[in-house]
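These notes are about the structure you will find just below.
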Amino acid sequence: MSRNLTSLSARKGLSENLFERIGELSEKEGAPSEEGLRQLAEEFLMGPANLYGAASFYDFTRPENKDIKVYACSGSACLLAGTQPALKARLGAFFREEEIGQVCCLGRCHENAAFHYQGRNYSGQDAGKLQDIVDGRHTGGQDQYEARAHGRSLLTRDFPSLDNCRHTLAGILARGPEAALSEAILSGLRGRGGAGFPMAVKMKSCREAPGAEKFVVCNADEGDPGAFSDRYLLEQQPYSVLMGMLLAGYITGAESGVLYIRAEYPEAIVRIGQAIAELEWQGMAGADILGSGFSFRFKAIKARGAYICGEETALLASIEGQRPEVRVRPPYPTQEGLFGKPTLVSNVETLACLYHILRDGGAAFAKIGAKPSAGTKLLSLDSSFARPGVCEVEMGTPLATLVDELGGGFRHPVKALHIGGPLGGLVPVGMIPELTIDFESFARHGFLLGHASVVGIPEGYPMIAYLEHLFEFAAHESCGKCFPCRLGSVRGKELLQKARAGECAISEALFEDLLDTLEKGSLCGLGGGLPLPVRNALQYFQEELKPYFSQTQIAVQ
Amino acid sequence: MNQHQVAFINDKAHEMREGETILSFIRRHHGEGYVPTLCDNPLLEPFGSCRLCSVEVARPGNGALKTVAACHTPVAEGMHIFTDTEAIRRLRHNIVELILTDHPLDCLTCEANGRCELQQVAARVGIREVRYPAGRNHLGRPKDESHPYLRSDLSKCINCYQCVRACDEVQGEFVLSMAGRGFDNHIIKGLDTSFANSYCVSCGACAQACPTAAISDIFQPAARSATETVRTVCTYCGVGCNLEVAKHDNTILSISAPEDAEVNHGHTCVKGRYAFRFYNHPDRLRSPMIRRNGQLEAVSWDEAYDYIAERLTAIRAEYGPGAIAGISSSRCTNEENYLMQKFMRAVIGTNNIDGCARVCHAPTALGMQRTFGTGAATNSIGDLQFTDCILVIGANPTTGHPVTGAKIKQQAMKGKTLIVVDPRRTELARHATYHLQLRPGTNVALLNMMIYYILKEKLEDRGFIEERTEGFEELRRNIMALDLDAMEAVCGVGRELVREAAVAYATAPNAMSFHGLGVTEHYQGTFAVMQIAALAMLTGNIGRRGVGVNPLRGQNNVQGAADMGVQPNLGPGYLDIRNPEMRQTYEAVYGVSLPSEPGYTIPGMFEAAAEGKLKALWIMGEDVVQTEPNTDKVRHALQQLDLFILQELFYSETASYADVILPAASFFEKSGTFTNGERRIQRVNRVAPPLPGTKADGEIITDIMNRMGYPQLTYDPATLLEEISQVAPAFRGVRWERLGRNGLQWPVAEDGTDTQILHTETFKLGKGRLFYIDYQESRELEKYGEEYPLILTTNRGLEHYNSGSMTRRTQDTDIVGEDLLLINPEDARSRGIEDGDKVTLSSARGAVSIRAKITDVVRPGVLSTTFHFPEILVNQITSDVLDSEADCPEYKVVAVEVEVRLREGIP
Ligand SMILES: Cc1cc2nc3c(=O)[nH]c(=O)nc-3n(C[C@H](O)[C@H](O)[C@H](O)COP(=O)(O)O)c2cc1C
Ligand code: SF4
Ligand code: SF4
Ligand code: SF4
Ligand code: SF4
Ligand code: FES
């Protein structure tokens, strides 16, 4: 992160946003032209190197991917479902090898065989209609999956009419920001993006930070392969997300809200755009909302393909058009965030919850669930379940209820659930009865609820291959800033590859050193989080993994 | 002691400071090397990439140990920090092992061997082997040897980003970036090009920052064999950067920038860091020479001295002391300048002493003396941090004063208001909030407009004006009667823009101005300086941090030369030579009586020589033929002299006219002091003895003084400073030993206390003086403007220094090897000029041939060029209009015309 680049980017801010400009430059040819970068650099008084450096980071703007026409999903769910080899073979009939790229998770984990072509997502049976797709006769469209609730439902039940919403909003605005903050504090809402940090604490800190200009940023970069609950909210419940943002702005004193939506969710970007327009039309967004004197403007920004942009500081750097590398804290975003201004970064689901909290009162929310995890939680179930989809449960619901009742059990034998994304814990099926769905239960048992995606690892899928997939994921998505993760993720992947190929066994001591280095040394949760599932696997699938490890020093062929 | 907050390092309590990082806390108590780091750099913001600084901490009330990076984690009261536990040792070892999986293990043949930080850290954590099998790596990255000074071998890169951050946070150039993602991350220059093809300004900050051999300069490898380093001060501009010179056997190996230097904080520009090889260049003059029968003959020093003493004595006897004059040099030390004026005044008996400040900042000295009473910067460069608005007038600091320029740019990039008044779109103008791109020569008109709007909008500081100034009512009356239409037309800047800039300056809580030769080298140079002073006084921007009037001094010791009395009317410490009491001060120390008549200024000397009134001239280190305006006139004057003594490093354009040439020594070969643009007297320490056959200027003057019968002690800065402190009031407390590593800013009181900010309570004059000044068009344009409709303005480039005598003898010429004429596309089109054409540039004085570069850096109607190369000798066509008050030549406004002479490929 460069303060200079932040400040230079801030001069044009959101209106002629640098990140969007870089993205637009790449749209035509797949990557920005040198001349385009030079001109843009001159306009922003930066170096061409800065912009090239930024563009070369993202899957959808990096020069190496210039020629790629179609992206096949390489996310965990599609991998484990085993749909991708067949998909790639089909794609091979229409595209040259160098035109087929990879993208990590399109949020179609419930039906798999997912791919991305010309800005649209396809999955399930679509691969059979490739001729129509290429000819432009079939343009994919909304996939079908269920959204169910167990117990009280806030996020998945039908959103009331906008009239009703206006009424609610007017009431909240009439009571003032302090009252709203008090309700938020009362609710005990914790961040749904993964870390579970109390949301009201962040809002308070942002509210109290000095500065006339502040921002609310909705983290809609849901990158965890296996997760699509944020996608659900963005596409099916956009008003609760937008209202949550607006109210967070009201509380913190921010008048601008940015939704950073991953490019892999094209439908979400369209739907949110429509919803923003509708709110503006209704006078529920923009200047002087409902005559309250409070103004709030939305801006939806399309990301360009990089998992690390889900990490909040990388996300902010990305919006600024800088390389999305993780930044040291302090300063925290609430003190010095987007364009150097106090910024609240919150997850889609967290913000959607806020709307319901301010409508029904903090106490009502706090009453739901298992303290200190209050409220309801969305989970994404992949195609290993008989009934995949998005589920809403009250915090504290037994995991077994989710698996058996909501998910309808497994479609095929599963040996473990990977919950909370690639950096979440690997829960062997035997542990399912021990767990309840809340932050504490998972942490206590050495797992992580995280963003609560649930991916089933089939009985027959080799654990060593899955570990390699996790390291591969980390190596592919590492921002590369800190030494342990940049180097360790690749070295781990290489060790596992060699072991699986039978070239050499992995020294247990070396592997343990590597995990220790990643865990303790990494700057952010990507490198730091990777050892958790790996350790879970080593513990619960010791027997299966044993042949690949050796106690003695590594035997290199 | 009790109120100190404490935290614990390995169970021992230490005093902590609020807000500091754990790393700085540890380093303050245990020194640099206590915690290993590879990405931390005291000049840069904490970054947190290498993770080697990891320590274990336990917070009070929470016994659990947590591993954190010390470099970006704040220390907290009562925190327990463990720096060397088993877990930490293991972590550090394992990180370094990972680094080495992607690093060529060829230490013994590596150019960084011995100074490589990775090597040191690896040794420290005890790496015996790399346990990982060979895997992906970057070992195949090609070397970049495109640049005369900078090298990269990125196969050695450890991705610490220090180079990128230095280029951004220190220099502000954005040449470097990381590209790619994750393991593919790799350092790039520009759009993944070479140093030579990038926008790199060769400051060397990246090379100094790089902990390995991945980015280095060509001198660093040799620096390993250095046996000694000497700290001295750069001679290339008034910033006065401290240089750390590594040497072996009197050979300079490399130069770096000391981090503890208050002036330059670990930074330099290309000249200071790399342009040093002139010092032992084969072209150096090695023997005194006397011209006999039109031929220069090498002679011994004794013979030269005898000849000089004899001829000077004879000329004085025949024509009187007034027929002899001396030109001293701002490149020389204070002590040498002091001796030169002392020689002229006390030994010859004339006030015919002037220096090259005449051609640059004499108007500043005079203008500020008239308004404030002191002709020097009111504040310090460090004040940039505390100001809210920076006004830069007629200065291009990113090339002329690069380290200060970089600091201003840093402030501008972070959003501080920057107003640039300049006919050219300089680098700072690109970054400016307001760029007032005026027609050259119209500073006074524009400044009047600014004053008009400040008064019109009632933004003046009434309290300050009433309490501390006089002349306001008259100024106000005249200003309010200004014909704005006329002024707007004259300077070519829209009034609304001027108004906005004036309002920004006046309403900023603290506003600071900088000006350069684009203000002084004008017909109304002194007047413009007085207007700048008026702006500051009208808005109360005087006498505290972050405000003031701050001239950017051209050469390294322009300030010092003036302080030392190198002026025909003022002696050391600015005492008026006409005043008997003040003269008495000098006479008491010099033991002789001094002349009371002010002497000639430099232009006056040439005039007098041409008229036959001046018979002998002694020039210390100035190439007047190349650098004074209207070359033919200068040549003619020099030819009329009976005796012309020239002290030089190299055979210059001027040398052809000399009767005696004395081979002098460069700043590397002498000790003394330079005074930078913020009045900071700094020690120049001798790095090597003078080359055989040469002598330091101070030594030469001393020798000749003695030869002419005036007993002068052997040249020694300490004794001379002691003497200077007796005559120059502002130097009262200056002593060689007191100057220390970072010097002292004058005035220095008896007890050694120095002064960062002038005029805090009162002005030297009592009250500050406000004057109204009417704009007047330069005579040059009035006379020749019709026939020569374009305006040429001359300036300096980054890579070269004035006549280029030094920098042209370094590899800087591989970066910039000729003077170019900048011309706006519009003017080029209408004259059929294409980029790279040789063009004829003519004025009323003559014509030169020069290559054209088409650029919108200059506005239509304005041309610009440098004057570094004798091949062009641009000053053949510059005008002889002088500043009406201080005789400074108007280099910045020349009426010219231009036409194509030769196009490449077409005969
Ligand atoms: C590697 C990494 C990836 C992350 N990805 C996401 C993400 O996709 N979506 C998200 O909301 N938070 C993500 N986070 C968490 C964010 O950094 C941040 O904590 C969150 O957006 C805060 O919102 P919350 O408090 O509402 O959870 C990620 C964190 C890390 C370390
Ligand atoms: S852990 Fe990985 S993703 Fe996170 S900062 Fe380090 S390199 Fe970047
Ligand atoms: S030499 Fe200076 S300008 Fe050039 S790349 Fe290095 S830091 Fe940047
Ligand atoms: S070139 Fe040097 S300074 Fe730059 S990242 Fe590589 S090792 Fe660090
Ligand atoms: S020329 Fe000026 S800026 Fe450059 S190193 Fe020397 S003193 Fe510093
Ligand atoms: S010095 Fe702290 S991470 Fe490098």
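Chain labels A, B, ... are given in the sequence in which chains occur in the structure tokens; within each chain residues are numbered consecutively from 1, and ligands are likewise numbered from 1 in the order shown.
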
Contacts of region 620-626 of chain B at 8 Å (only C-alpha atoms; same-chain gap of 4+ positions) as a PyMOL selection string: chain B and resi 326-329+331+356+631+634-635+646-649+652-655+697+803+867+870+873-875

Chain B near ligand 3 within 9 Å: what's each residue's closest atom pair and its distance in Å to one decimal, counting only C-alpha atoms and all ligand atoms, ordered by chain then ascending residue number, as CSV?
```
residue,atom,partner,partner_atom_place_in_ligand_line,distance
B:Tyr149,CA,ligand 3,1 (S),8.9
B:Leu150,CA,ligand 3,1 (S),7.0
B:Cys163,CA,ligand 3,7 (S),6.4
B:Val164,CA,ligand 3,7 (S),7.3
B:Arg165,CA,ligand 3,7 (S),8.3
B:Ala166,CA,ligand 3,7 (S),5.6
B:Cys167,CA,ligand 3,7 (S),3.6
B:Asp168,CA,ligand 3,8 (Fe),7.3
B:Val170,CA,ligand 3,7 (S),7.7
B:Gln171,CA,ligand 3,7 (S),6.0
B:Gly172,CA,ligand 3,8 (Fe),7.6
B:Glu173,CA,ligand 3,3 (S),5.3
B:Phe174,CA,ligand 3,8 (Fe),6.4
B:Val175,CA,ligand 3,5 (S),5.0
B:Leu176,CA,ligand 3,5 (S),5.6
B:Lys189,CA,ligand 3,5 (S),7.0
B:Gly190,CA,ligand 3,5 (S),8.9
B:Phe195,CA,ligand 3,5 (S),7.0
B:Ser198,CA,ligand 3,5 (S),8.1
B:Tyr199,CA,ligand 3,3 (S),7.1
B:Cys200,CA,ligand 3,4 (Fe),3.7
B:Val201,CA,ligand 3,3 (S),4.4
B:Ser202,CA,ligand 3,1 (S),3.8
B:Cys203,CA,ligand 3,2 (Fe),4.0
B:Gly204,CA,ligand 3,1 (S),3.9
B:Ala205,CA,ligand 3,7 (S),4.3
B:Cys206,CA,ligand 3,6 (Fe),4.1
B:Ala207,CA,ligand 3,6 (Fe),6.3
B:Gln208,CA,ligand 3,7 (S),8.7
B:Ala209,CA,ligand 3,7 (S),8.7
B:Ile215,CA,ligand 3,6 (Fe),8.4
B:Asp217,CA,ligand 3,1 (S),8.9
B:Cys269,CA,ligand 3,2 (Fe),8.1
B:Val270,CA,ligand 3,1 (S),8.0
```

Serialized selection, N, CA and C atoms, as a short mmCIF file (atom, residue, chain, number, x, y, z; two decimals), in the first residue's frame:
```
data_model
loop_
_atom_site.label_atom_id
_atom_site.label_comp_id
_atom_site.auth_asym_id
_atom_site.auth_seq_id
_atom_site.Cartn_x
_atom_site.Cartn_y
_atom_site.Cartn_z
N TYR B 149 24.67 3.87 -14.45
CA TYR B 149 24.96 3.70 -13.03
C TYR B 149 24.22 2.53 -12.38
N LEU B 150 22.98 2.31 -12.81
CA LEU B 150 22.16 1.34 -12.08
C LEU B 150 22.19 -0.04 -12.74
N CYS B 163 12.88 -1.38 -2.75
CA CYS B 163 13.18 -0.52 -3.91
C CYS B 163 11.92 0.21 -4.36
N VAL B 164 10.82 -0.53 -4.44
CA VAL B 164 9.56 0.06 -4.89
C VAL B 164 9.14 1.17 -3.93
N ARG B 165 9.28 0.87 -2.66
CA ARG B 165 8.86 1.85 -1.65
C ARG B 165 9.79 3.06 -1.64
N ALA B 166 11.08 2.83 -1.86
CA ALA B 166 12.01 3.97 -1.89
C ALA B 166 11.70 4.86 -3.08
N CYS B 167 11.44 4.24 -4.22
CA CYS B 167 11.14 5.03 -5.42
C CYS B 167 9.85 5.82 -5.23
N ASP B 168 8.94 5.29 -4.46
CA ASP B 168 7.66 5.93 -4.19
C ASP B 168 7.77 6.91 -3.01
N VAL B 170 10.39 7.93 -1.08
CA VAL B 170 11.52 8.85 -0.92
C VAL B 170 11.65 9.75 -2.15
N GLN B 171 11.76 9.14 -3.32
CA GLN B 171 11.95 9.94 -4.52
C GLN B 171 10.62 10.37 -5.13
N GLY B 172 9.61 9.51 -5.05
CA GLY B 172 8.31 9.89 -5.62
C GLY B 172 8.26 9.78 -7.12
N GLU B 173 8.98 8.79 -7.66
CA GLU B 173 9.06 8.70 -9.12
C GLU B 173 8.19 7.59 -9.70
N PHE B 174 7.86 6.59 -8.93
CA PHE B 174 7.00 5.48 -9.39
C PHE B 174 7.57 4.75 -10.60
N VAL B 175 8.86 4.63 -10.65
CA VAL B 175 9.46 3.87 -11.76
C VAL B 175 9.26 2.38 -11.54
N LEU B 176 9.36 1.98 -10.27
CA LEU B 176 9.36 0.56 -9.95
C LEU B 176 8.01 0.12 -9.42
N LYS B 189 10.40 -2.34 -13.99
CA LYS B 189 10.66 -0.90 -14.17
C LYS B 189 9.73 -0.45 -15.28
N GLY B 190 9.03 0.61 -15.08
CA GLY B 190 8.10 1.09 -16.11
C GLY B 190 7.19 -0.03 -16.57
N PHE B 195 16.07 -0.02 -16.96
CA PHE B 195 16.30 1.27 -16.29
C PHE B 195 16.43 2.39 -17.32
N SER B 198 13.21 3.55 -18.79
CA SER B 198 12.14 3.94 -17.87
C SER B 198 12.25 5.43 -17.57
N TYR B 199 11.36 5.91 -16.72
CA TYR B 199 11.41 7.31 -16.31
C TYR B 199 12.38 7.55 -15.16
N CYS B 200 13.21 6.57 -14.90
CA CYS B 200 14.13 6.65 -13.76
C CYS B 200 14.97 7.93 -13.79
N VAL B 201 15.08 8.58 -12.64
CA VAL B 201 15.90 9.79 -12.56
C VAL B 201 17.23 9.50 -11.88
N SER B 202 17.57 8.25 -11.78
CA SER B 202 18.90 7.82 -11.34
C SER B 202 19.28 8.32 -9.95
N CYS B 203 18.30 8.45 -9.08
CA CYS B 203 18.62 8.98 -7.76
C CYS B 203 19.35 7.94 -6.91
N GLY B 204 19.19 6.68 -7.25
CA GLY B 204 19.90 5.64 -6.53
C GLY B 204 19.25 5.22 -5.22
N ALA B 205 18.08 5.76 -4.93
CA ALA B 205 17.42 5.39 -3.67
C ALA B 205 17.13 3.90 -3.62
N CYS B 206 16.74 3.33 -4.76
CA CYS B 206 16.42 1.90 -4.79
C CYS B 206 17.68 1.08 -4.55
N ALA B 207 18.77 1.49 -5.17
CA ALA B 207 20.01 0.73 -5.01
C ALA B 207 20.50 0.79 -3.57
N GLN B 208 20.32 1.96 -2.95
CA GLN B 208 20.74 2.06 -1.56
C GLN B 208 19.85 1.21 -0.66
N ALA B 209 18.58 1.11 -1.03
CA ALA B 209 17.65 0.36 -0.17
C ALA B 209 17.77 -1.14 -0.34
N ILE B 215 19.15 -5.00 -6.99
CA ILE B 215 19.30 -3.69 -7.61
C ILE B 215 20.48 -3.01 -6.94
N ASP B 217 24.11 -0.18 -7.69
CA ASP B 217 24.74 0.72 -8.64
C ASP B 217 26.15 0.22 -8.92
N CYS B 269 20.50 13.04 -5.05
CA CYS B 269 20.10 12.93 -6.45
C CYS B 269 21.25 12.31 -7.22
N VAL B 270 21.05 12.17 -8.52
CA VAL B 270 22.05 11.50 -9.35
C VAL B 270 23.41 12.20 -9.28
#
```

Secondary structure check, strand (DSSP E) residues of region 455-682 of chain B, as JSON, numbers by chain: {"B": [469, 470, 511, 512, 513, 514, 515, 548, 549, 550, 551, 616, 617, 618, 619, 620, 643, 644, 645, 646, 647, 648, 660, 661, 662, 663, 672, 673, 674, 675, 680, 681, 682]}

Residues from the last selection, N, CA and C atoms, saved as an mmCIF file, in the first residue's frame:
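Final file, result06.cif:
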```cif
data_model
loop_
_atom_site.group_PDB
_atom_site.id
_atom_site.type_symbol
_atom_site.label_atom_id
_atom_site.label_comp_id
_atom_site.auth_asym_id
_atom_site.auth_seq_id
_atom_site.Cartn_x
_atom_site.Cartn_y
_atom_site.Cartn_z
ATOM 1 N N THR B 469 4.733 45.688 10.206
ATOM 2 C CA THR B 469 5.168 46.194 8.900
ATOM 3 C C THR B 469 4.905 47.674 8.751
ATOM 4 N N GLU B 470 5.505 48.268 7.729
ATOM 5 C CA GLU B 470 5.148 49.623 7.355
ATOM 6 C C GLU B 470 5.034 49.716 5.838
ATOM 7 N N ALA B 511 1.513 29.056 5.171
ATOM 8 C CA ALA B 511 1.913 28.971 3.769
ATOM 9 C C ALA B 511 3.385 29.325 3.639
ATOM 10 N N MET B 512 4.038 28.610 2.757
ATOM 11 C CA MET B 512 5.492 28.692 2.668
ATOM 12 C C MET B 512 5.839 28.940 1.204
ATOM 13 N N SER B 513 6.729 29.864 0.934
ATOM 14 C CA SER B 513 7.081 30.061 -0.472
ATOM 15 C C SER B 513 8.523 29.681 -0.741
ATOM 16 N N PHE B 514 8.745 29.212 -1.946
ATOM 17 C CA PHE B 514 10.086 28.899 -2.430
ATOM 18 C C PHE B 514 10.261 29.631 -3.750
ATOM 19 N N HIS B 515 11.435 30.175 -3.964
ATOM 20 C CA HIS B 515 11.657 30.737 -5.295
ATOM 21 C C HIS B 515 13.067 30.457 -5.752
ATOM 22 N N GLY B 548 7.063 31.449 5.606
ATOM 23 C CA GLY B 548 8.274 32.152 5.249
ATOM 24 C C GLY B 548 8.567 32.230 3.765
ATOM 25 N N VAL B 549 9.730 32.837 3.497
ATOM 26 C CA VAL B 549 10.215 33.052 2.138
ATOM 27 C C VAL B 549 11.536 32.313 2.028
ATOM 28 N N ASN B 550 11.575 31.365 1.119
ATOM 29 C CA ASN B 550 12.715 30.458 1.106
ATOM 30 C C ASN B 550 13.336 30.322 -0.275
ATOM 31 N N PRO B 551 14.360 31.126 -0.513
ATOM 32 C CA PRO B 551 15.024 31.013 -1.811
ATOM 33 C C PRO B 551 15.725 29.666 -1.929
ATOM 34 N N ALA B 616 43.392 44.013 -14.183
ATOM 35 C CA ALA B 616 43.710 42.652 -13.742
ATOM 36 C C ALA B 616 42.476 42.003 -13.124
ATOM 37 N N LEU B 617 42.270 40.744 -13.451
ATOM 38 C CA LEU B 617 41.115 40.026 -12.910
ATOM 39 C C LEU B 617 41.556 38.639 -12.469
ATOM 40 N N TRP B 618 41.107 38.275 -11.278
ATOM 41 C CA TRP B 618 41.407 36.928 -10.755
ATOM 42 C C TRP B 618 40.086 36.210 -10.566
ATOM 43 N N ILE B 619 39.898 35.152 -11.311
ATOM 44 C CA ILE B 619 38.654 34.390 -11.182
ATOM 45 C C ILE B 619 38.944 33.051 -10.532
ATOM 46 N N MET B 620 38.204 32.791 -9.489
ATOM 47 C CA MET B 620 38.335 31.493 -8.824
ATOM 48 C C MET B 620 37.157 30.626 -9.284
ATOM 49 N N LEU B 643 46.151 41.392 -17.130
ATOM 50 C CA LEU B 643 46.466 40.170 -16.391
ATOM 51 C C LEU B 643 45.160 39.476 -16.028
ATOM 52 N N PHE B 644 45.073 38.236 -16.447
ATOM 53 C CA PHE B 644 43.868 37.471 -16.127
ATOM 54 C C PHE B 644 44.306 36.148 -15.505
ATOM 55 N N ILE B 645 44.032 36.014 -14.213
ATOM 56 C CA ILE B 645 44.421 34.813 -13.470
ATOM 57 C C ILE B 645 43.181 33.936 -13.319
ATOM 58 N N LEU B 646 43.311 32.684 -13.650
ATOM 59 C CA LEU B 646 42.167 31.780 -13.553
ATOM 60 C C LEU B 646 42.536 30.559 -12.734
ATOM 61 N N GLN B 647 41.738 30.291 -11.756
ATOM 62 C CA GLN B 647 41.935 29.123 -10.898
ATOM 63 C C GLN B 647 40.850 28.123 -11.271
ATOM 64 N N GLU B 648 41.207 26.952 -11.714
ATOM 65 C CA GLU B 648 40.209 26.024 -12.268
ATOM 66 C C GLU B 648 40.579 24.568 -12.037
ATOM 67 N N VAL B 660 47.370 33.439 -16.576
ATOM 68 C CA VAL B 660 47.911 32.486 -15.614
ATOM 69 C C VAL B 660 46.796 31.510 -15.244
ATOM 70 N N ILE B 661 47.104 30.224 -15.272
ATOM 71 C CA ILE B 661 46.108 29.239 -14.854
ATOM 72 C C ILE B 661 46.658 28.482 -13.649
ATOM 73 N N LEU B 662 45.848 28.429 -12.607
ATOM 74 C CA LEU B 662 46.272 27.729 -11.394
ATOM 75 C C LEU B 662 45.387 26.500 -11.206
ATOM 76 N N PRO B 663 45.989 25.320 -11.145
ATOM 77 C CA PRO B 663 45.181 24.101 -11.012
ATOM 78 C C PRO B 663 44.681 23.935 -9.587
ATOM 79 N N GLY B 672 36.517 22.400 4.982
ATOM 80 C CA GLY B 672 35.978 23.742 5.153
ATOM 81 C C GLY B 672 34.507 23.630 5.471
ATOM 82 N N THR B 673 33.762 24.697 5.170
ATOM 83 C CA THR B 673 32.321 24.620 5.399
ATOM 84 C C THR B 673 31.578 25.180 4.202
ATOM 85 N N PHE B 674 30.395 24.614 3.953
ATOM 86 C CA PHE B 674 29.442 25.166 2.988
ATOM 87 C C PHE B 674 28.215 25.576 3.798
ATOM 88 N N THR B 675 27.523 26.609 3.325
ATOM 89 C CA THR B 675 26.273 27.003 3.971
ATOM 90 C C THR B 675 25.149 26.780 2.976
ATOM 91 N N ARG B 680 22.374 26.662 6.821
ATOM 92 C CA ARG B 680 23.001 25.625 7.626
ATOM 93 C C ARG B 680 24.476 25.497 7.254
ATOM 94 N N ILE B 681 25.308 25.828 8.202
ATOM 95 C CA ILE B 681 26.755 25.747 7.979
ATOM 96 C C ILE B 681 27.176 24.311 8.260
ATOM 97 N N GLN B 682 27.666 23.643 7.227
ATOM 98 C CA GLN B 682 27.995 22.232 7.394
ATOM 99 C C GLN B 682 29.460 21.971 7.064
#
```

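If you count only C-alpha atoms and ignore residues fewer than 4 places along the chain from region 48-57 of chain B, what sits within 7 Å of it is Val328, Lys481, Cys482, Phe483 and Gly521 of chain A; Val35, Pro36, Thr37, Leu38, Cys39, Leu65, Lys66, Thr67, Val68, Ala69, Ala70, Cys71, His72, Met79, His80, Ile81, Phe82, Thr83, Ile88, Arg92 and Cys160 of chain B.
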
Near-region 299-302 of chain A list (10 Å; only C-alpha atoms; drop same-chain fewer than 5 positions) as a PyMOL selection string: chain A and resi 14-15+17+19-20+23+217-218+220-221+256-266+268-270+272-273+276+319

Produce a file of the selected residues containing C-alpha atoms, as a PDB file, in the first residue's frame.
```pdb
ATOM      1  CA  LEU A  14     -15.119   6.916  -7.062  1.00  0.00           C
ATOM      2  CA  SER A  15     -16.402   8.961  -9.956  1.00  0.00           C
ATOM      3  CA  ASN A  17     -12.350   5.376 -10.387  1.00  0.00           C
ATOM      4  CA  PHE A  19      -9.617   0.528 -10.738  1.00  0.00           C
ATOM      5  CA  GLU A  20     -12.615   0.690 -13.025  1.00  0.00           C
ATOM      6  CA  GLY A  23     -10.681  -2.739 -15.920  1.00  0.00           C
ATOM      7  CA  VAL A 217     -17.680  -0.740   1.798  1.00  0.00           C
ATOM      8  CA  CYS A 218     -19.694  -3.871   1.299  1.00  0.00           C
ATOM      9  CA  ALA A 220     -19.135  -8.727  -1.853  1.00  0.00           C
ATOM     10  CA  ASP A 221     -16.035 -10.542  -3.021  1.00  0.00           C
ATOM     11  CA  SER A 256     -20.787   6.908   0.126  1.00  0.00           C
ATOM     12  CA  GLY A 257     -21.229   3.190  -0.080  1.00  0.00           C
ATOM     13  CA  VAL A 258     -19.210   0.955  -2.352  1.00  0.00           C
ATOM     14  CA  LEU A 259     -20.164  -2.588  -3.199  1.00  0.00           C
ATOM     15  CA  TYR A 260     -17.124  -4.510  -4.356  1.00  0.00           C
ATOM     16  CA  ILE A 261     -18.677  -7.421  -6.217  1.00  0.00           C
ATOM     17  CA  ARG A 262     -16.618 -10.203  -7.665  1.00  0.00           C
ATOM     18  CA  ALA A 263     -16.604 -10.444 -11.426  1.00  0.00           C
ATOM     19  CA  GLU A 264     -17.459 -14.107 -11.099  1.00  0.00           C
ATOM     20  CA  TYR A 265     -20.970 -13.028 -10.044  1.00  0.00           C
ATOM     21  CA  PRO A 266     -22.227 -11.224 -13.157  1.00  0.00           C
ATOM     22  CA  ALA A 268     -25.310 -10.145  -8.854  1.00  0.00           C
ATOM     23  CA  ILE A 269     -23.728  -7.094 -10.413  1.00  0.00           C
ATOM     24  CA  VAL A 270     -26.716  -6.602 -12.693  1.00  0.00           C
ATOM     25  CA  ILE A 272     -27.579  -4.796  -7.529  1.00  0.00           C
ATOM     26  CA  GLY A 273     -27.372  -2.162 -10.248  1.00  0.00           C
ATOM     27  CA  ILE A 276     -29.695   0.817  -6.600  1.00  0.00           C
ATOM     28  CA  ILE A 319     -10.701  -0.053  -5.300  1.00  0.00           C
TER      29      ILE A 319
END
```

Neighbourhood of ligand 2 at 7 Å, counting only C-alpha atoms and all ligand atoms, reported as a ChimeraX atom specification: /A:308,325-326,477-486,522-528 /B:182

Interface list for chain A, partner chain B, 8 Å threshold, only C-alpha atoms, as a count of residues only: 51

Residue with smallest distance to ligand 4 - pool B:Val862, B:Cys210, B:Ile757, B:Ala664, counting only C-alpha atoms and all ligand atoms: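 When distances to ligand 4 are compared using only C-alpha atoms and all ligand atoms, the smallest one comes from B:Cys210.
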